[in-house]
Each structure stands twice: as structure tokens, then as C-alpha cells.
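Structure data follow from query-v8.txt (compact mmCIF, C-alpha atoms and all ligand atoms):
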```txt
# COMPACT_ATOMS: atom_id res chain seq x y z
CA MET U 7 -23.03 -42.58 -0.58
CA SER U 8 -25.62 -40.15 -1.83
CA MET U 9 -23.40 -38.59 -4.47
CA ALA U 10 -24.41 -41.43 -6.78
CA ARG U 11 -27.93 -39.93 -6.45
CA MET U 12 -30.50 -42.46 -5.35
CA ASP U 13 -34.19 -42.70 -5.89
CA PRO U 14 -36.55 -44.14 -3.24
CA THR U 15 -39.10 -44.85 -5.97
CA ASP U 16 -36.71 -47.19 -7.80
CA ALA U 17 -36.59 -50.86 -6.72
CA ALA U 18 -32.91 -51.24 -7.57
CA GLN U 19 -31.90 -48.27 -5.44
CA ALA U 20 -34.22 -48.79 -2.48
CA ALA U 21 -31.68 -50.62 -0.32
CA ASP U 22 -29.20 -47.75 -0.69
CA VAL U 23 -31.81 -45.20 0.28
CA LEU U 24 -32.74 -47.26 3.34
CA LYS U 25 -29.06 -47.65 4.21
CA GLY U 26 -28.65 -43.87 4.02
CA MET U 27 -31.44 -43.36 6.55
CA TRP U 28 -30.17 -46.11 8.87
CA SER U 29 -26.64 -44.69 8.68
CA ILE U 30 -27.95 -41.36 10.03
CA ARG U 31 -29.96 -43.03 12.82
CA ILE U 32 -27.05 -45.22 13.92
CA PHE U 33 -24.54 -42.35 13.59
CA GLU U 34 -26.69 -40.24 15.93
CA GLU U 35 -27.09 -43.10 18.41
CA ALA U 36 -23.30 -43.52 18.39
CA VAL U 37 -22.84 -39.78 19.02
CA GLU U 38 -25.30 -39.97 21.91
CA GLU U 39 -23.38 -42.86 23.43
CA LEU U 40 -19.99 -41.17 23.02
CA PHE U 41 -21.46 -38.10 24.69
CA SER U 42 -22.87 -40.05 27.62
CA ARG U 43 -19.45 -41.66 28.11
CA GLY U 44 -17.87 -38.20 28.43
CA LEU U 45 -15.89 -38.48 25.21
CA LEU U 46 -17.52 -35.51 23.45
CA HIS U 47 -17.45 -31.93 24.65
CA GLY U 48 -19.56 -28.88 23.90
CA THR U 49 -23.07 -29.66 22.80
CA MET U 50 -24.82 -31.56 20.06
CA HIS U 51 -28.29 -31.64 18.53
CA LEU U 52 -29.50 -35.03 17.38
CA THR U 53 -31.68 -35.54 14.35
CA ILE U 54 -33.11 -38.95 15.29
CA GLY U 55 -36.62 -39.13 13.78
CA GLN U 56 -35.89 -36.66 10.96
CA GLU U 57 -33.83 -38.93 8.68
CA ALA U 58 -36.27 -38.92 5.75
CA VAL U 59 -35.96 -35.15 5.23
CA ALA U 60 -32.16 -35.21 4.90
CA VAL U 61 -32.12 -38.23 2.60
CA GLY U 62 -35.15 -37.27 0.49
CA VAL U 63 -33.92 -33.73 -0.17
CA CYS U 64 -30.26 -34.62 -0.83
CA ASP U 65 -31.18 -37.51 -3.12
CA ALA U 66 -33.13 -35.07 -5.30
CA LEU U 67 -29.94 -33.04 -5.91
CA ASP U 68 -27.38 -33.69 -8.60
CA GLU U 69 -23.70 -34.19 -8.00
CA GLY U 70 -22.09 -30.76 -7.49
CA ASP U 71 -25.23 -29.15 -6.08
CA PHE U 72 -24.92 -27.42 -2.71
CA ILE U 73 -26.53 -27.60 0.72
CA THR U 74 -26.47 -25.32 3.71
CA SER U 75 -27.31 -26.76 7.09
CA THR U 76 -28.31 -25.98 10.67
CA HIS U 77 -27.20 -26.66 14.24
CA ARG U 78 -28.99 -30.03 13.80
CA GLY U 79 -26.91 -30.86 10.77
CA HIS U 80 -25.32 -34.32 11.06
CA GLY U 81 -28.00 -35.95 8.92
CA HIS U 82 -27.76 -33.34 6.16
CA ALA U 83 -23.99 -33.77 5.93
CA LEU U 84 -24.20 -37.57 5.81
CA ALA U 85 -27.00 -37.54 3.25
CA HIS U 86 -24.95 -35.20 1.07
CA GLY U 87 -22.01 -37.55 1.04
CA ALA U 88 -19.88 -36.59 4.05
CA ASP U 89 -17.53 -39.25 5.40
CA PRO U 90 -18.81 -40.44 8.84
CA GLU U 91 -15.24 -41.07 9.98
CA ARG U 92 -14.21 -37.44 9.37
CA MET U 93 -17.43 -36.23 11.01
CA LEU U 94 -16.80 -38.35 14.10
CA ALA U 95 -13.17 -37.22 14.14
CA GLU U 96 -14.45 -33.64 14.25
CA LEU U 97 -16.75 -34.45 17.16
CA LEU U 98 -13.93 -36.27 18.98
CA MET U 99 -11.58 -33.27 18.54
CA LYS U 100 -9.24 -35.10 16.21
CA ASP U 101 -6.91 -33.47 13.71
CA THR U 102 -8.47 -35.55 10.89
CA GLY U 103 -11.91 -33.97 11.42
CA TYR U 104 -13.57 -31.69 8.86
CA CYS U 105 -12.37 -28.60 10.80
CA ARG U 106 -9.29 -30.31 12.16
CA GLY U 107 -11.17 -30.92 15.43
CA ARG U 108 -11.56 -27.22 16.24
CA GLY U 109 -15.18 -26.75 15.14
CA GLY U 110 -17.21 -29.62 16.55
CA SER U 111 -20.77 -30.62 15.81
CA MET U 112 -22.11 -27.28 14.57
CA HIS U 113 -19.31 -26.44 12.15
CA ILE U 114 -19.09 -29.41 9.87
CA ALA U 115 -18.61 -28.23 6.29
CA ASP U 116 -17.28 -30.06 3.26
CA VAL U 117 -16.95 -27.63 0.41
CA ASP U 118 -15.55 -30.34 -1.88
CA SER U 119 -18.83 -32.26 -1.72
CA GLY U 120 -20.92 -29.06 -1.83
CA ASN U 121 -21.78 -28.83 1.87
CA LEU U 122 -21.38 -25.13 2.66
CA GLY U 123 -21.69 -25.82 6.33
CA ALA U 124 -23.70 -26.34 9.47
CA ASN U 125 -24.56 -23.14 11.30
CA GLY U 126 -25.07 -22.38 14.98
CA ILE U 127 -26.97 -19.18 14.20
CA VAL U 128 -30.66 -19.93 13.74
CA ALA U 129 -31.53 -19.01 10.10
CA GLY U 130 -27.88 -18.05 9.55
CA SER U 131 -27.56 -20.48 6.67
CA MET U 132 -30.52 -18.99 4.82
CA THR U 133 -28.72 -15.89 3.63
CA ILE U 134 -25.61 -17.96 2.89
CA ALA U 135 -27.74 -20.24 0.69
CA THR U 136 -29.22 -17.24 -1.10
CA GLY U 137 -25.77 -15.74 -1.68
CA ALA U 138 -24.47 -19.08 -2.96
CA ALA U 139 -27.48 -19.35 -5.29
CA LEU U 140 -26.82 -15.83 -6.57
CA SER U 141 -23.25 -16.81 -7.32
CA GLN U 142 -24.42 -19.92 -9.23
CA ARG U 143 -26.76 -17.71 -11.21
CA LEU U 144 -24.09 -15.13 -12.06
CA GLN U 145 -21.58 -17.79 -13.01
CA GLU U 146 -24.23 -19.77 -14.91
CA THR U 147 -23.12 -23.06 -13.34
CA GLY U 148 -26.59 -24.64 -13.47
CA LYS U 149 -26.16 -25.74 -9.86
CA VAL U 150 -28.84 -25.64 -7.20
CA VAL U 151 -28.62 -24.88 -3.46
CA ALA U 152 -30.84 -26.72 -0.95
CA CYS U 153 -31.20 -24.73 2.26
CA PHE U 154 -32.17 -26.64 5.42
CA PHE U 155 -33.66 -24.71 8.32
CA GLY U 156 -36.04 -25.32 11.24
CA ASP U 157 -39.55 -24.08 11.97
CA GLY U 158 -38.03 -21.73 14.57
CA ALA U 159 -35.78 -20.21 11.90
CA ALA U 160 -38.88 -19.27 9.88
CA ASN U 161 -39.57 -16.60 12.51
CA GLU U 162 -36.18 -14.90 12.08
CA GLY U 163 -35.65 -11.83 9.90
CA ALA U 164 -33.10 -13.70 7.78
CA PHE U 165 -35.85 -16.06 6.57
CA HIS U 166 -37.85 -13.17 5.11
CA GLU U 167 -34.81 -11.43 3.60
CA ALA U 168 -33.62 -14.66 2.02
CA LEU U 169 -37.01 -15.56 0.51
CA ASN U 170 -37.56 -12.05 -0.78
CA LEU U 171 -34.20 -11.75 -2.52
CA ALA U 172 -34.29 -15.31 -3.85
CA SER U 173 -37.69 -14.63 -5.37
CA ILE U 174 -37.06 -11.25 -6.99
CA TRP U 175 -33.86 -12.60 -8.52
CA SER U 176 -35.34 -16.04 -9.40
CA LEU U 177 -32.43 -17.77 -7.70
CA PRO U 178 -31.83 -21.54 -7.91
CA VAL U 179 -32.53 -22.34 -4.25
CA VAL U 180 -34.87 -24.76 -2.51
CA PHE U 181 -35.88 -23.69 0.99
CA ALA U 182 -36.34 -26.92 2.96
CA CYS U 183 -37.96 -26.32 6.35
CA GLU U 184 -37.67 -29.18 8.81
CA ASN U 185 -40.71 -28.60 10.95
CA ASN U 186 -39.98 -30.93 13.85
CA GLN U 187 -42.77 -29.22 15.83
CA TYR U 188 -40.53 -27.39 18.32
CA GLY U 189 -37.97 -24.59 18.48
CA MET U 190 -36.15 -25.58 21.67
CA SER U 191 -39.13 -25.85 24.06
CA MET U 192 -41.56 -23.70 22.06
CA ALA U 193 -44.28 -25.55 20.16
CA GLN U 194 -44.50 -24.46 16.55
CA GLU U 195 -48.24 -23.74 16.67
CA LYS U 196 -47.64 -21.26 19.51
CA SER U 197 -44.80 -19.45 17.74
CA THR U 198 -45.77 -19.33 14.08
CA ALA U 199 -48.55 -17.07 12.77
CA GLY U 200 -50.41 -17.86 9.59
CA GLY U 201 -51.07 -21.55 10.18
CA SER U 202 -47.92 -22.94 8.58
CA VAL U 203 -44.48 -22.07 7.32
CA ALA U 204 -45.47 -23.09 3.78
CA ASN U 205 -48.25 -20.46 3.76
CA ARG U 206 -45.59 -17.77 3.84
CA ALA U 207 -44.40 -18.67 0.35
CA SER U 208 -47.29 -16.80 -1.29
CA ALA U 209 -46.09 -13.52 0.28
CA TYR U 210 -42.87 -13.97 -1.68
CA GLY U 211 -44.42 -15.18 -4.93
CA MET U 212 -43.08 -18.71 -4.82
CA PRO U 213 -44.71 -22.14 -4.51
CA GLY U 214 -45.10 -23.34 -0.93
CA VAL U 215 -46.17 -26.82 0.07
CA GLN U 216 -46.46 -28.74 3.30
CA VAL U 217 -45.22 -32.32 2.93
CA ASP U 218 -45.16 -35.40 5.21
CA GLY U 219 -41.49 -35.18 6.19
CA ASN U 220 -41.42 -38.75 7.49
CA ASP U 221 -42.29 -40.19 4.09
CA VAL U 222 -38.98 -40.29 2.21
CA VAL U 223 -40.77 -40.81 -1.11
CA ALA U 224 -42.95 -37.72 -0.66
CA VAL U 225 -39.91 -35.69 0.45
CA PHE U 226 -37.96 -36.84 -2.61
CA GLU U 227 -40.75 -36.22 -5.11
CA HIS U 228 -41.52 -32.70 -3.90
CA SER U 229 -37.81 -31.89 -3.66
CA LYS U 230 -37.18 -33.17 -7.17
CA GLU U 231 -39.88 -30.90 -8.55
CA ALA U 232 -38.49 -27.90 -6.64
CA VAL U 233 -34.91 -28.68 -7.73
CA GLU U 234 -35.96 -28.94 -11.37
CA ARG U 235 -37.83 -25.66 -11.11
CA ALA U 236 -34.76 -23.98 -9.58
CA ARG U 237 -32.40 -25.44 -12.19
CA SER U 238 -34.54 -24.35 -15.10
CA GLY U 239 -34.44 -20.72 -13.95
CA GLU U 240 -37.99 -20.54 -12.56
CA GLY U 241 -36.76 -19.60 -9.10
CA PRO U 242 -37.08 -20.76 -5.51
CA SER U 243 -39.65 -22.92 -3.71
CA LEU U 244 -40.52 -23.31 -0.05
CA LEU U 245 -41.06 -26.87 1.15
CA GLU U 246 -42.20 -27.47 4.73
CA PHE U 247 -41.48 -31.01 5.86
CA VAL U 248 -43.54 -32.02 8.88
CA THR U 249 -41.46 -34.33 11.03
CA TYR U 250 -40.56 -34.92 14.68
CA ARG U 251 -37.44 -35.16 16.81
CA TYR U 252 -37.50 -37.91 19.42
CA ARG U 253 -34.64 -36.59 21.49
CA GLY U 254 -34.40 -33.33 23.40
CA HIS U 255 -33.32 -30.11 21.74
CA SER U 256 -29.74 -30.71 22.90
CA LYS U 257 -28.01 -32.60 25.68
CA SER U 258 -29.50 -30.59 28.58
CA ASP U 259 -33.15 -30.85 27.48
CA ARG U 260 -35.42 -32.73 29.88
CA ASN U 261 -38.44 -32.69 27.57
CA LEU U 262 -40.65 -30.88 30.08
CA TYR U 263 -42.69 -29.20 27.33
CA ARG U 264 -44.19 -32.34 25.77
CA THR U 265 -45.52 -35.68 26.88
CA GLN U 266 -43.88 -39.08 26.61
CA GLN U 267 -47.14 -40.22 25.02
CA GLU U 268 -46.65 -37.77 22.15
CA ILE U 269 -43.11 -38.99 21.55
CA ASP U 270 -44.21 -42.65 21.69
CA GLU U 271 -47.01 -42.01 19.24
CA TRP U 272 -44.63 -40.62 16.61
CA ARG U 273 -42.12 -43.42 17.23
CA THR U 274 -44.59 -46.23 16.90
CA THR U 275 -46.87 -44.94 14.14
CA LYS U 276 -44.88 -42.49 11.99
CA ASP U 277 -41.22 -43.45 12.23
CA PRO U 278 -39.58 -42.67 8.85
CA LEU U 279 -37.46 -45.83 8.73
CA MET U 280 -40.40 -48.03 9.71
CA LEU U 281 -42.66 -46.38 7.11
CA TYR U 282 -40.16 -46.87 4.28
CA GLU U 283 -39.48 -50.48 5.32
CA GLN U 284 -43.22 -51.18 5.34
CA ARG U 285 -43.47 -49.74 1.85
CA LEU U 286 -40.55 -51.82 0.55
CA ARG U 287 -42.04 -55.00 2.05
CA SER U 288 -45.48 -54.32 0.61
CA LEU U 289 -44.03 -53.71 -2.86
CA ALA U 290 -41.98 -56.91 -2.38
CA TRP U 291 -38.84 -54.91 -3.22
CA LEU U 292 -37.10 -56.01 -0.02
CA GLY U 293 -37.87 -58.88 2.39
CA ASP U 294 -37.10 -59.15 6.08
CA GLY U 295 -33.67 -60.67 5.37
CA ASP U 296 -32.72 -57.88 2.96
CA ILE U 297 -33.81 -55.24 5.46
CA ALA U 298 -31.81 -56.87 8.26
CA ALA U 299 -28.77 -56.93 5.94
CA VAL U 300 -29.17 -53.20 5.18
CA GLN U 301 -29.37 -52.40 8.88
CA ALA U 302 -26.28 -54.54 9.60
CA ALA U 303 -24.31 -52.85 6.80
CA ALA U 304 -25.18 -49.40 8.14
CA ARG U 305 -24.24 -50.49 11.66
CA GLU U 306 -20.88 -51.84 10.45
CA ARG U 307 -20.19 -48.66 8.46
CA ILE U 308 -20.66 -46.48 11.54
CA ARG U 309 -18.87 -48.92 13.88
CA ALA U 310 -15.80 -48.82 11.64
CA ALA U 311 -16.00 -45.01 11.45
CA VAL U 312 -16.13 -44.69 15.26
CA ALA U 313 -13.17 -47.06 15.69
CA ALA U 314 -11.04 -45.25 13.12
CA ALA U 315 -11.95 -41.75 14.37
CA TYR U 316 -11.19 -42.80 17.93
CA LYS U 317 -7.68 -43.89 16.93
CA ALA U 318 -6.96 -40.73 14.89
CA PRO U 319 -4.42 -38.18 16.15
CA PRO U 320 -5.85 -35.48 18.47
CA ALA U 321 -6.12 -31.78 17.65
CA LEU U 322 -3.28 -30.15 19.57
CA VAL U 323 -3.68 -26.92 21.54
CA ASP U 324 -0.11 -25.94 20.57
CA ASP U 325 -1.15 -25.89 16.95
CA LEU U 326 -4.45 -23.98 17.30
CA GLU U 327 -3.29 -21.13 15.09
CA GLY U 328 -2.32 -23.60 12.39
CA ALA U 329 -6.03 -24.06 11.65
CA THR U 330 -6.94 -20.39 11.37
CA TYR U 331 -6.78 -18.15 8.36
CA ALA U 332 -7.57 -14.53 7.68
C1 LIG U 401 -30.08 -16.13 16.10
C2 LIG U 401 -30.20 -17.19 17.18
N1 LIG U 401 -31.16 -17.08 18.12
C3 LIG U 401 -31.29 -18.03 19.08
C4 LIG U 401 -30.42 -19.09 19.13
C5 LIG U 401 -30.58 -20.17 20.19
N2 LIG U 401 -31.19 -21.36 19.58
C6 LIG U 401 -30.44 -22.39 19.13
S1 LIG U 401 -31.36 -23.58 18.41
C7 LIG U 401 -32.79 -22.75 18.69
C8 LIG U 401 -34.11 -23.33 18.25
C9 LIG U 401 -34.19 -23.48 16.77
O1 LIG U 401 -35.38 -24.12 16.40
P1 LIG U 401 -35.62 -24.58 14.94
O2 LIG U 401 -35.15 -23.53 13.98
O3 LIG U 401 -37.04 -25.00 14.84
O4 LIG U 401 -34.65 -25.83 14.75
P2 LIG U 401 -34.68 -27.24 15.52
O5 LIG U 401 -33.84 -27.07 16.76
O6 LIG U 401 -36.09 -27.55 15.83
O7 LIG U 401 -34.05 -28.20 14.57
C10 LIG U 401 -32.54 -21.54 19.34
C11 LIG U 401 -33.58 -20.57 19.74
C12 LIG U 401 -29.41 -19.16 18.15
N3 LIG U 401 -28.52 -20.18 18.13
N4 LIG U 401 -29.33 -18.23 17.18
```

Show how you would write the structure in this file as C-alpha cells.
Amino acid sequence: MSMARMDPTDAAQAADVLKGMWSIRIFEEAVEELFSRGLLHGTMHLTIGQEAVAVGVCDALDEGDFITSTHRGHGHALAHGADPERMLAELLMKDTGYCRGRGGSMHIADVDSGNLGANGIVAGSMTIATGAALSQRLQETGKVVACFFGDGAANEGAFHEALNLASIWSLPVVFACENNQYGMSMAQEKSTAGGSVANRASAYGMPGVQVDGNDVVAVFEHSKEAVERARSGEGPSLLEFVTYRYRGHSKSDRNLYRTQQEIDEWRTTKDPLMLYEQRLRSLAWLGDGDIAAVQAAARERIRAAVAAAYKAPPALVDDLEGATYA
């Protein structure tokens, strides 16, 4: 979907942008249900509530640009054009999955569409993004790398190494921090010195800005500016998108570190899908019927992907070595 690059500020493309966000929400709800029915193994980290960051950043990229992702990476992959059926096949341990069913949720990569991979190591993708950006620079491809990471990752050494190198070499990379307020059970304001992640940009001589991460238009516009800056050789930027995850960190999280009231407040007043729908209605770009049709189309897309992935052939233990290389 997103490889045709969409623009949430364009009336003609608004329905596609909204469909992209609904596809992520419904995909994650489907994953949650499959998990609760015992059909998925391992763990998974849902991105429900953070859809606007994935869509807004990826829609600011051009075809052929790259992303690197995190342990909470389903939304990034979908927004960058991954096929939901192959993603679900991976989660269901099917041979048709992106890693032939051997990798699972945290190892979805799709090099053909420029997704250099999800990463279970917090901040692990930041140095990969910087290396990929260096390679684009040396090969003069004109391509840009968008690097997703969490607020927790901003306290890892790799964050500082990546920003430093990207800045001294003026690399074409956009550092996109998804500040969903928590790193596991640790509140961001208790873990992060200096007031914000964006403040750290000045130490590395790059622009740093904190953006409402639940406003897909704001995410897109700031990303577009950072992508253009990167592409024109002016170097990296640090964007901090303030957002919120409604679900626990992963499947075993009982949310004991925050109140239900806090979660409800974000859901009812700042939900990214609700905010964009309100905007489209007020501009008279989409009416209630159009919005219902977009939601139904996204639901059907994911329903068909689940059904097809479910029927796909399983990954076989006998053939484990067939999916390894050295
Ligand atoms: C290097 C490393 N340290 C610790 C962990 C365990 N761990 C997994 S996710 C996570 C929290 C990450 O928080 P953040 O970067 O804010 O991302 P979010 O989960 O909020 O999306 C931690 C500590 C890990 N996977 N890798």
C-alpha cells in the first residue's frame, strides 16, 4: 500500500492514509486474538495506539528508501508496504512467512521493499540504520533510511554512537523516536535526563524536534522535512514522536505501573485514528459512510490475510537447516 506514497494533507489520498492506519490497528487486534487462542508462540509487542507514527513517517519516504525497525515493529513493516499475509504466516510459523516461519514477530524483514528488519535488541537497529545510510552515501544512491526506535532505546549507548557518526558524516538518516511514554514498566520521565529525547539532538549538531505522534499530519510534515534534508546531503535529524501504547509491553504485562484512567484518557481524547477521522470530517473530505467503508476495507484485507496465512504450509522442523545460511 504505502509504496505508492500517500499524503495525509491531500484530499484524494486521505482514504488510503486512513486505511493504512486502520490496517495496522486491525492487524494487531487479529494478532492479539490469535495469541489468546494459543495459535501464536513466543512473544509479541503490539503497537495499538501508535499507528500514526508508522504511517506518517513511511509515507514521507520515497519508493526504494529504507527503514529499520524495533521489537514493536508490525506497524512499521505494514506502513512500508509489507504483505500482511506473509507477516501473519511468519507469526503462525508457516513456510510462506518472511523468514520462512523461523523468525517470528521480532524478525520480520523485507529487503525487497527496503525494510532492513525488526530487531529484538533495544537500539540494535540504530547502528544498522547508520551503516545502511553510510552505504547509500558511498554508493550515491540518493536513498534515505528512516530509523524507528523507542524512548527506552534513547538511553542505550548505540543511540549516541549512531547519532554521532551520522552527524559527523552527514548521513541520509532520519532518527524517528516513538516515545510511547514507557520502556517496559519504566516511565520515560523517570528514565530520561534532559527533559526530552529531542533535546539530545543539539549535542550531536542536528535538528531535534518533539512532535505530536498521534497526529498523522504533523508526523508526515516533520518527517517530510527531515527526509528532504537527509536526501539533499544536509545530514540526519532527530524526531521525537510523542504517542502512547494502549496494550501492555508484551503478552505478560499486567499494566501495574500505570492507571486505567491514564490509558482511557489517551484512548478517548488522543486516539490517532479518531483524530484523523475528525479532521477528515471537518474538512468534508470524507463523510461517515466513506469512513465506515475504509474501516470495512481494512478489516476485509486483514481477514483475508489471516485466512490465507492460516491455510499456508507449516515450517517443518526437519527442514530447519534449509533456512539458514552462513
Ligand atoms: C539491549 C537490550 N536491553 C534490554 C532488552 C529488554 N527489553 C526489551 S524491550 C525493552 C523496552 C524498550 O523500550 P522502548 O525502547 O521505549 O520501546 P517500546 O517497548 O516502548 O516500544 C527492554 C528493556 C533488550 N531486548 N535489549

*Step by step, measure atom-to-atom distances between ligand LIG 401 (chain U) and each residue using all atoms listed in the file, keep those at most 6 Å, then write them as a PyMOL selection string.*
chain U and resi 78+126-128+155-159+186+188-190+255

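For the residues U:Arg307, U:Met27, U:Ser176, U:Gln145, ranking by smallest atom-to-atom distance to Arg235 in chain U using only C-alpha atoms places U:Ser176 first.
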
*From the set U:Asp16, U:Glu234, U:Asp259, U:Glu184, which residue has the shortest atom-to-atom contact distance to Val150 in chain U, counting only C-alpha atoms?*
U:Glu234

Box centre and edge lengths (Å, one decimal), axis-aligned, range 120-138 of chain U plus 8 Å each side, as JSON:
```
{"center_x": -26.2, "center_y": -22.4, "center_z": 6.0, "size_x": 26.6, "size_y": 29.3, "size_z": 33.9}
```

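Put simply, CA of Gly219 in chain U is 8.2 Å away from CA of Pro278 in chain U.
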
*Within 12 Å of Ala302 in chain U using all atoms listed in the file, minus same-chain residues under 4 positions, as a list of chain:residue names*: U:Ala21, U:Leu24, U:Lys25, U:Trp28, U:Ser29, U:Ile32, U:Gly295, U:Asp296, U:Ile297, U:Ala298, U:Glu306, U:Arg307, U:Ile308, U:Arg309

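Among U:Asp71, U:Asp22, U:Asp294, U:Asp118, the residue with the shortest atom-to-atom distance to Pro178 in chain U, counting all atoms listed in the file, is U:Asp71.
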
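Using all atoms listed in the file for every distance, the candidate list U:His47, U:Arg206, U:Arg11, U:His82 yields U:His47 as the residue closest to Leu98 in chain U.
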
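Using only C-alpha atoms, the shortest contact distance between Leu67 in chain U and any of U:Ala85, U:Leu245, U:Ile174, U:Leu326 is found at U:Ala85.
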
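Take CA of Gly211 in chain U and CA of Gly148 in chain U: the distance between them is 21.9 Å.
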
Determine, for each residue of range 33-99 of chain U having at least one atom at most 9 Å from an atom of range 279-285 of chain U, the closest pair of atoms and their separation in Å to one decimal, counting all atoms listed in the file; order by chain and ascending number, as a tab-separated table.
```
residue	atom	partner	partner_atom	distance
U:Gly55	CA	U:Leu279	CA	8.4
U:Glu57	CA	U:Leu279	CA	7.8
U:Ala58	CA	U:Leu279	CA	7.6
```

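Minimum distance to Ser202 in chain U across U:Ser131, U:Val179, U:Glu246, U:Ser229 (counting all atoms listed in the file) occurs at U:Glu246.
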
_Length of the CA of Gly123 in chain U to CA of Ser256 in chain U vector [Å]_ = 19.1 Å

*asked:* Taking 5 positions as the minimum chain separation for residues in the same chain, which residues sit within 12 Å of range 268-274 of chain U when counting only C-alpha atoms? Answer as a ChimeraX atom specification.
replied: /U:54-56,186-187,220,248-254,261,263,279-281

Generate the coordinates of N, CA, C and O atoms for range 75-87 of chain U; report them as a PDB file, keeping the file's coordinate frame.
```
ATOM      1  N   SER U  75     -26.714 -25.959   6.026  1.00  0.00           N
ATOM      2  CA  SER U  75     -27.310 -26.760   7.090  1.00  0.00           C
ATOM      3  C   SER U  75     -27.504 -25.955   8.374  1.00  0.00           C
ATOM      4  O   SER U  75     -27.273 -24.745   8.399  1.00  0.00           O
ATOM      5  N   THR U  76     -27.947 -26.634   9.408  1.00  0.00           N
ATOM      6  CA  THR U  76     -28.310 -25.980  10.670  1.00  0.00           C
ATOM      7  C   THR U  76     -27.471 -26.535  11.828  1.00  0.00           C
ATOM      8  O   THR U  76     -26.599 -27.372  11.613  1.00  0.00           O
ATOM      9  N   HIS U  77     -27.835 -26.092  13.040  1.00  0.00           N
ATOM     10  CA  HIS U  77     -27.200 -26.660  14.240  1.00  0.00           C
ATOM     11  C   HIS U  77     -27.516 -28.154  14.369  1.00  0.00           C
ATOM     12  O   HIS U  77     -26.809 -28.870  15.049  1.00  0.00           O
ATOM     13  N   ARG U  78     -28.618 -28.615  13.728  1.00  0.00           N
ATOM     14  CA  ARG U  78     -28.990 -30.030  13.800  1.00  0.00           C
ATOM     15  C   ARG U  78     -28.602 -30.657  12.458  1.00  0.00           C
ATOM     16  O   ARG U  78     -29.443 -31.128  11.697  1.00  0.00           O
ATOM     17  N   GLY U  79     -27.314 -30.652  12.154  1.00  0.00           N
ATOM     18  CA  GLY U  79     -26.910 -30.860  10.770  1.00  0.00           C
ATOM     19  C   GLY U  79     -26.222 -32.175  10.422  1.00  0.00           C
ATOM     20  O   GLY U  79     -25.847 -32.372   9.266  1.00  0.00           O
ATOM     21  N   HIS U  80     -26.069 -33.092  11.386  1.00  0.00           N
ATOM     22  CA  HIS U  80     -25.320 -34.320  11.060  1.00  0.00           C
ATOM     23  C   HIS U  80     -25.968 -35.094   9.903  1.00  0.00           C
ATOM     24  O   HIS U  80     -25.281 -35.609   9.019  1.00  0.00           O
ATOM     25  N   GLY U  81     -27.291 -35.180   9.943  1.00  0.00           N
ATOM     26  CA  GLY U  81     -28.000 -35.950   8.920  1.00  0.00           C
ATOM     27  C   GLY U  81     -27.847 -35.343   7.534  1.00  0.00           C
ATOM     28  O   GLY U  81     -27.665 -36.063   6.546  1.00  0.00           O
ATOM     29  N   HIS U  82     -27.902 -34.002   7.462  1.00  0.00           N
ATOM     30  CA  HIS U  82     -27.760 -33.340   6.160  1.00  0.00           C
ATOM     31  C   HIS U  82     -26.384 -33.644   5.572  1.00  0.00           C
ATOM     32  O   HIS U  82     -26.254 -33.932   4.391  1.00  0.00           O
ATOM     33  N   ALA U  83     -25.359 -33.538   6.417  1.00  0.00           N
ATOM     34  CA  ALA U  83     -23.990 -33.770   5.930  1.00  0.00           C
ATOM     35  C   ALA U  83     -23.838 -35.210   5.425  1.00  0.00           C
ATOM     36  O   ALA U  83     -23.330 -35.446   4.320  1.00  0.00           O
ATOM     37  N   LEU U  84     -24.319 -36.162   6.227  1.00  0.00           N
ATOM     38  CA  LEU U  84     -24.200 -37.570   5.810  1.00  0.00           C
ATOM     39  C   LEU U  84     -24.959 -37.828   4.519  1.00  0.00           C
ATOM     40  O   LEU U  84     -24.446 -38.480   3.611  1.00  0.00           O
ATOM     41  N   ALA U  85     -26.186 -37.296   4.441  1.00  0.00           N
ATOM     42  CA  ALA U  85     -27.000 -37.540   3.250  1.00  0.00           C
ATOM     43  C   ALA U  85     -26.384 -36.895   2.016  1.00  0.00           C
ATOM     44  O   ALA U  85     -26.618 -37.338   0.896  1.00  0.00           O
ATOM     45  N   HIS U  86     -25.567 -35.865   2.219  1.00  0.00           N
ATOM     46  CA  HIS U  86     -24.950 -35.200   1.070  1.00  0.00           C
ATOM     47  C   HIS U  86     -23.557 -35.752   0.770  1.00  0.00           C
ATOM     48  O   HIS U  86     -22.809 -35.191  -0.024  1.00  0.00           O
ATOM     49  N   GLY U  87     -23.228 -36.848   1.430  1.00  0.00           N
ATOM     50  CA  GLY U  87     -22.010 -37.550   1.040  1.00  0.00           C
ATOM     51  C   GLY U  87     -20.816 -37.382   1.965  1.00  0.00           C
ATOM     52  O   GLY U  87     -19.712 -37.817   1.640  1.00  0.00           O
TER      53      GLY U  87
END
```
